[in-house]
Structures are given as structure tokens and as C-alpha cells.
Amino acid sequence: MKKLTTLILIALITATIFSCTKTSVQGPISIQGKWSLKLDSIAQGVSQPSPQYSTKYVGTAADYFDFRSDNKLYIKEGAKLDTFSYQLSTDSNIYISSPETAVYGIASSLNGLIKPISGNSTSIHFTLAVVSFGAYYSRTVDLTR
């Protein structure tokens, strides 16, 4: 009986050791690099939820958001080209600034929330509310690699 118990114990330990599989945990998706623009949606107005002004731009193969390691963001959207500064405050928060913001509607100091969808797809959502006037601005940029 002692032999049988020892054999069963050895078999269980061996089965446990060899049945374990290592799962890889994917780290945070890096925003750095060149992303293709899939969709750029802007909504703004004075009272929510109905925007007084909204646009949707569907990206083409030539459009991109290029996040460089020197914290510069190069955007090409249609015929528009521009350079912004960006800073990641966390893996999911981005701060984008530019002295000239009318072209893209990015306020001069705007925080965005990065929502990774997969390793090759992400969405950045910006919101800005001016409480004293009840005005708001919302922009969502969908990007793919």
C-alpha cells in the first residue's frame, strides 16, 4: 500500500508540473509609432446631448498620426499637416498641445484618454467642457497600425 501511495503521489506531482502552461501577459500598448487614421469624430455645442456642430472624417491610406520618441506628434489628415507636442502622463492618458489649434480642434492644453482595443488598434477620446458657458467639445480619433 505504501508503494501505491508513493507512486500516486509522484504521478500527481509530475502531472501538475508538466500540465502548467505559461501564459504571456501583454504589457501596455505603446502609442509611439505611426498609426493610420481610421475615423476622426468631433462634436461640440452649448448644451448636451445634441451637438450644434459635428463632423466625421473617415481616414484614407495617406492619413496618419505619428507619435515620435521626441514627444512630437505629426498629423496628416487630408491636405492638413501639423506638428503637436504630446506627453503621456500614464499609459492611458495623453496631453497634446499646440499653439495653433483651429485646424484640428485640439485645445492648447487638452488631455485625452487612450483606450487600447488591441495591439494594432486604439482610440483616443478628448473632452473639454467650459462649465460657465455650458459649452463642450468632444473628439474621438480611431487609429490602426
# chains A, B, ... in the order shown; residues from 1 in each chain; ligands from 1

call {"tool": "residues_around", "arguments": {"residues": "Leu143 in chain A", "least_positions_apart": "6", "cutoff": "10 Å", "atoms": "only C-alpha atoms", "output": "mmCIF file with all heavy atoms, in the first residue's frame"}}
result
data_model
loop_
_atom_site.group_PDB
_atom_site.id
_atom_site.type_symbol
_atom_site.label_atom_id
_atom_site.label_comp_id
_atom_site.auth_asym_id
_atom_site.auth_seq_id
_atom_site.Cartn_x
_atom_site.Cartn_y
_atom_site.Cartn_z
ATOM 1 N N LYS A 34 3.859 55.121 -35.980
ATOM 2 C CA LYS A 34 2.950 55.687 -36.974
ATOM 3 C C LYS A 34 1.655 54.889 -37.004
ATOM 4 O O LYS A 34 1.663 53.675 -37.148
ATOM 5 C CB LYS A 34 3.616 55.680 -38.346
ATOM 6 C CG LYS A 34 2.953 56.564 -39.351
ATOM 7 C CD LYS A 34 3.831 56.686 -40.591
ATOM 8 C CE LYS A 34 3.354 57.763 -41.507
ATOM 9 N NZ LYS A 34 4.233 57.933 -42.662
ATOM 10 N N TRP A 35 0.542 55.588 -36.869
ATOM 11 C CA TRP A 35 -0.783 54.998 -36.854
ATOM 12 C C TRP A 35 -1.563 55.522 -38.047
ATOM 13 O O TRP A 35 -1.503 56.704 -38.369
ATOM 14 C CB TRP A 35 -1.526 55.380 -35.581
ATOM 15 C CG TRP A 35 -0.947 54.831 -34.319
ATOM 16 C CD1 TRP A 35 0.123 55.318 -33.631
ATOM 17 C CD2 TRP A 35 -1.396 53.699 -33.594
ATOM 18 N NE1 TRP A 35 0.357 54.558 -32.515
ATOM 19 C CE2 TRP A 35 -0.569 53.554 -32.474
ATOM 20 C CE3 TRP A 35 -2.437 52.792 -33.778
ATOM 21 C CZ2 TRP A 35 -0.741 52.546 -31.544
ATOM 22 C CZ3 TRP A 35 -2.607 51.785 -32.843
ATOM 23 C CH2 TRP A 35 -1.759 51.656 -31.742
ATOM 24 N N SER A 36 -2.336 54.687 -38.671
ATOM 25 C CA SER A 36 -3.238 55.099 -39.743
ATOM 26 C C SER A 36 -4.525 55.607 -39.117
ATOM 27 O O SER A 36 -5.027 55.037 -38.150
ATOM 28 C CB SER A 36 -3.562 53.928 -40.669
ATOM 29 O OG SER A 36 -2.401 53.462 -41.300
ATOM 30 N N LEU A 37 -5.049 56.675 -39.682
ATOM 31 C CA LEU A 37 -6.293 57.248 -39.189
ATOM 32 C C LEU A 37 -7.472 56.490 -39.772
ATOM 33 O O LEU A 37 -7.620 56.390 -40.980
ATOM 34 C CB LEU A 37 -6.383 58.731 -39.575
ATOM 35 C CG LEU A 37 -7.673 59.441 -39.200
ATOM 36 C CD1 LEU A 37 -7.845 59.491 -37.688
ATOM 37 C CD2 LEU A 37 -7.683 60.843 -39.790
ATOM 38 N N LYS A 38 -8.291 55.949 -38.903
ATOM 39 C CA LYS A 38 -9.490 55.231 -39.329
ATOM 40 C C LYS A 38 -10.705 56.161 -39.338
ATOM 41 O O LYS A 38 -11.436 56.236 -40.309
ATOM 42 C CB LYS A 38 -9.731 54.049 -38.387
ATOM 43 C CG LYS A 38 -10.866 53.162 -38.771
ATOM 44 C CD LYS A 38 -10.945 51.970 -37.820
ATOM 45 C CE LYS A 38 -12.127 51.096 -38.136
ATOM 46 N NZ LYS A 38 -12.263 50.001 -37.186
ATOM 47 N N LEU A 39 -10.913 56.899 -38.223
ATOM 48 C CA LEU A 39 -12.059 57.791 -38.109
ATOM 49 C C LEU A 39 -11.736 58.903 -37.118
ATOM 50 O O LEU A 39 -11.140 58.657 -36.077
ATOM 51 C CB LEU A 39 -13.292 57.015 -37.615
ATOM 52 C CG LEU A 39 -14.590 57.794 -37.469
ATOM 53 C CD1 LEU A 39 -15.096 58.267 -38.830
ATOM 54 C CD2 LEU A 39 -15.651 56.930 -36.806
ATOM 55 N N ASP A 40 -12.138 60.124 -37.450
ATOM 56 C CA ASP A 40 -11.962 61.280 -36.577
ATOM 57 C C ASP A 40 -13.329 61.943 -36.426
ATOM 58 O O ASP A 40 -13.879 62.467 -37.384
ATOM 59 C CB ASP A 40 -10.950 62.247 -37.200
ATOM 60 C CG ASP A 40 -10.551 63.358 -36.248
ATOM 61 O OD1 ASP A 40 -11.182 63.498 -35.188
ATOM 62 O OD2 ASP A 40 -9.601 64.088 -36.576
ATOM 63 N N GLY A 59 -10.647 58.347 -42.463
ATOM 64 C CA GLY A 59 -9.271 58.428 -42.928
ATOM 65 C C GLY A 59 -9.034 57.657 -44.221
ATOM 66 O O GLY A 59 -9.743 56.707 -44.543
ATOM 67 N N TYR A 64 -2.358 59.910 -41.278
ATOM 68 C CA TYR A 64 -1.655 59.254 -40.173
ATOM 69 C C TYR A 64 -1.550 60.163 -38.958
ATOM 70 O O TYR A 64 -1.682 61.375 -39.046
ATOM 71 C CB TYR A 64 -0.257 58.812 -40.589
ATOM 72 C CG TYR A 64 0.647 59.933 -41.059
ATOM 73 C CD1 TYR A 64 1.338 60.731 -40.152
ATOM 74 C CD2 TYR A 64 0.815 60.192 -42.414
ATOM 75 C CE1 TYR A 64 2.161 61.756 -40.576
ATOM 76 C CE2 TYR A 64 1.639 61.209 -42.852
ATOM 77 C CZ TYR A 64 2.310 61.990 -41.929
ATOM 78 O OH TYR A 64 3.119 63.015 -42.358
ATOM 79 N N PHE A 65 -1.301 59.537 -37.824
ATOM 80 C CA PHE A 65 -0.875 60.168 -36.584
ATOM 81 C C PHE A 65 0.449 59.502 -36.251
ATOM 82 O O PHE A 65 0.495 58.294 -36.025
ATOM 83 C CB PHE A 65 -1.882 59.910 -35.454
ATOM 84 C CG PHE A 65 -3.047 60.855 -35.412
ATOM 85 C CD1 PHE A 65 -3.847 61.058 -36.511
ATOM 86 C CD2 PHE A 65 -3.325 61.549 -34.242
ATOM 87 C CE1 PHE A 65 -4.917 61.919 -36.459
ATOM 88 C CE2 PHE A 65 -4.408 62.415 -34.181
ATOM 89 C CZ PHE A 65 -5.207 62.612 -35.294
ATOM 90 N N PRO A 116 -6.861 51.309 -25.516
ATOM 91 C CA PRO A 116 -6.355 50.287 -26.426
ATOM 92 C C PRO A 116 -7.426 49.252 -26.727
ATOM 93 O O PRO A 116 -8.090 48.757 -25.828
ATOM 94 C CB PRO A 116 -5.182 49.662 -25.678
ATOM 95 C CG PRO A 116 -5.271 50.124 -24.290
ATOM 96 C CD PRO A 116 -6.231 51.274 -24.224
ATOM 97 N N ILE A 117 -7.602 48.973 -27.994
ATOM 98 C CA ILE A 117 -8.565 47.969 -28.414
ATOM 99 C C ILE A 117 -7.833 46.653 -28.649
ATOM 100 O O ILE A 117 -8.282 45.598 -28.266
ATOM 101 C CB ILE A 117 -9.318 48.435 -29.673
ATOM 102 C CG1 ILE A 117 -10.105 49.710 -29.333
ATOM 103 C CG2 ILE A 117 -10.245 47.356 -30.193
ATOM 104 C CD1 ILE A 117 -10.624 50.450 -30.522
ATOM 105 N N ASN A 120 -2.919 46.471 -32.393
ATOM 106 C CA ASN A 120 -2.816 47.271 -33.619
ATOM 107 C C ASN A 120 -4.012 48.193 -33.824
ATOM 108 O O ASN A 120 -4.253 48.661 -34.919
ATOM 109 C CB ASN A 120 -2.628 46.359 -34.832
ATOM 110 C CG ASN A 120 -3.776 45.392 -35.003
ATOM 111 O OD1 ASN A 120 -4.726 45.392 -34.234
ATOM 112 N ND2 ASN A 120 -3.693 44.556 -36.002
ATOM 113 N N SER A 121 -4.753 48.479 -32.762
ATOM 114 C CA SER A 121 -5.915 49.351 -32.874
ATOM 115 C C SER A 121 -6.123 50.071 -31.549
ATOM 116 O O SER A 121 -6.059 49.461 -30.488
ATOM 117 C CB SER A 121 -7.146 48.513 -33.223
ATOM 118 O OG SER A 121 -8.271 49.322 -33.355
ATOM 119 N N THR A 122 -6.350 51.381 -31.615
ATOM 120 C CA THR A 122 -6.575 52.154 -30.397
ATOM 121 C C THR A 122 -7.503 53.314 -30.689
ATOM 122 O O THR A 122 -7.743 53.656 -31.849
ATOM 123 C CB THR A 122 -5.241 52.655 -29.786
ATOM 124 O OG1 THR A 122 -5.470 53.121 -28.465
ATOM 125 C CG2 THR A 122 -4.613 53.743 -30.633
ATOM 126 N N SER A 123 -8.005 53.898 -29.632
ATOM 127 C CA SER A 123 -8.899 55.042 -29.744
ATOM 128 C C SER A 123 -8.469 56.074 -28.707
ATOM 129 O O SER A 123 -8.159 55.730 -27.574
ATOM 130 C CB SER A 123 -10.330 54.585 -29.485
ATOM 131 O OG SER A 123 -11.229 55.643 -29.636
ATOM 132 N N ILE A 124 -8.433 57.350 -29.109
ATOM 133 C CA ILE A 124 -8.108 58.431 -28.184
ATOM 134 C C ILE A 124 -9.335 59.323 -28.103
ATOM 135 O O ILE A 124 -9.849 59.781 -29.121
ATOM 136 C CB ILE A 124 -6.882 59.232 -28.647
ATOM 137 C CG1 ILE A 124 -5.674 58.317 -28.821
ATOM 138 C CG2 ILE A 124 -6.568 60.346 -27.647
ATOM 139 C CD1 ILE A 124 -4.464 58.996 -29.406
#

call {"tool": "atom_distance", "arguments": {"atom1": "CA of Ile75 in chain A", "atom2": "CA of Ser138 in chain A"}}
result
18.3 Å

call {"tool": "select_by_dssp", "arguments": {"residues": "range 33-87 of chain A", "states": "strand (DSSP E)", "output": "MDAnalysis selection string"}}
result
chainID A and resid 33:45 53:58 64:67 72:77 80:87

call {"tool": "closest_residue", "arguments": {"among": "A:Asp63, A:His125, A:Ser54, A:Tyr95", "to": "Glu77 in chain A", "atoms": "only C-alpha atoms"}}
result
A:Asp63

call {"tool": "residues_around", "arguments": {"residues": "Ile31 in chain A", "least_positions_apart": "2", "cutoff": "10 Å", "atoms": "only C-alpha atoms", "output": "list in words"}}
result
Pro28, Ile29, Gly33, Lys34, Trp35, Phe65, Asp66, Phe67, Arg68, Ser69, Leu88, Asp91, Ser92, Ile94, Ile114, Pro116, Gly119 and Thr122 of chain A

call {"tool": "write_last_selection", "arguments": {"atoms": "N, CA, C and O atoms", "output": "compact mmCIF listing (two decimals), in the first residue's frame"}}
result
# COMPACT_ATOMS: atom_id res chain seq x y z
N PRO A 28 1.35 47.21 -21.58
CA PRO A 28 0.57 48.28 -22.18
C PRO A 28 0.99 48.52 -23.63
O PRO A 28 2.15 48.36 -23.99
N ILE A 29 0.03 48.89 -24.45
CA ILE A 29 0.29 49.16 -25.85
C ILE A 29 0.99 50.50 -25.96
O ILE A 29 0.53 51.49 -25.39
N GLY A 33 4.94 55.54 -32.55
CA GLY A 33 4.95 54.95 -33.88
C GLY A 33 3.91 55.61 -34.77
O GLY A 33 3.19 56.52 -34.37
N LYS A 34 3.86 55.12 -35.98
CA LYS A 34 2.95 55.69 -36.97
C LYS A 34 1.66 54.89 -37.00
O LYS A 34 1.66 53.68 -37.15
N TRP A 35 0.54 55.59 -36.87
CA TRP A 35 -0.78 55.00 -36.85
C TRP A 35 -1.56 55.52 -38.05
O TRP A 35 -1.50 56.70 -38.37
N PHE A 65 -1.30 59.54 -37.82
CA PHE A 65 -0.88 60.17 -36.58
C PHE A 65 0.45 59.50 -36.25
O PHE A 65 0.49 58.29 -36.02
N ASP A 66 1.53 60.25 -36.22
CA ASP A 66 2.86 59.70 -35.99
C ASP A 66 3.39 60.23 -34.66
O ASP A 66 3.79 61.38 -34.55
N PHE A 67 3.37 59.37 -33.64
CA PHE A 67 3.86 59.71 -32.32
C PHE A 67 5.35 59.36 -32.25
O PHE A 67 5.70 58.18 -32.25
N ARG A 68 6.22 60.36 -32.19
CA ARG A 68 7.66 60.14 -32.18
C ARG A 68 8.20 60.07 -30.76
O ARG A 68 7.59 60.56 -29.81
N SER A 69 9.39 59.49 -30.61
CA SER A 69 10.01 59.33 -29.30
C SER A 69 10.47 60.67 -28.70
O SER A 69 10.71 60.75 -27.51
N LEU A 88 2.77 61.64 -22.33
CA LEU A 88 1.96 60.61 -21.67
C LEU A 88 2.08 60.80 -20.17
O LEU A 88 3.17 60.76 -19.62
N ASP A 91 -0.16 55.33 -18.87
CA ASP A 91 -0.32 54.52 -20.08
C ASP A 91 -1.62 54.82 -20.81
O ASP A 91 -1.76 54.51 -21.98
N SER A 92 -2.58 55.42 -20.11
CA SER A 92 -3.87 55.65 -20.74
C SER A 92 -4.27 57.13 -20.84
O SER A 92 -5.36 57.44 -21.26
N ILE A 94 -3.05 61.00 -22.27
CA ILE A 94 -2.13 61.73 -23.12
C ILE A 94 -2.49 63.21 -23.08
O ILE A 94 -3.66 63.58 -23.02
N ILE A 114 -6.61 57.33 -23.70
CA ILE A 114 -6.25 56.32 -24.70
C ILE A 114 -6.93 55.01 -24.30
O ILE A 114 -6.76 54.53 -23.18
N PRO A 116 -6.86 51.31 -25.52
CA PRO A 116 -6.36 50.29 -26.43
C PRO A 116 -7.43 49.25 -26.73
O PRO A 116 -8.09 48.76 -25.83
N GLY A 119 -3.46 45.24 -30.02
CA GLY A 119 -2.09 45.65 -30.28
C GLY A 119 -1.96 46.53 -31.51
O GLY A 119 -0.99 47.27 -31.64
N THR A 122 -6.35 51.38 -31.61
CA THR A 122 -6.58 52.15 -30.40
C THR A 122 -7.50 53.31 -30.69
O THR A 122 -7.74 53.66 -31.85

call {"tool": "closest_residue", "arguments": {"among": "A:Thr90, A:Tyr137, A:Ala79, A:Lys115", "to": "Tyr53 in chain A", "atoms": "only C-alpha atoms"}}
result
A:Tyr137

call {"tool": "closest_residue", "arguments": {"among": "A:Leu81, A:Ser30, A:Tyr136, A:Val46", "to": "Ala62 in chain A", "atoms": "only C-alpha atoms"}}
result
A:Leu81

call {"tool": "atom_distance", "arguments": {"atom1": "CA of Lys56 in chain A", "atom2": "CA of Ser97 in chain A"}}
result
21.8 Å

call {"tool": "residues_around", "arguments": {"residues": "Phe126 in chain A", "least_positions_apart": "5", "cutoff": "7 Å", "atoms": "only C-alpha atoms", "output": "list in words"}}
result
Asn111, Gly112, Leu113, Ser138, Arg139 and Thr140 of chain A
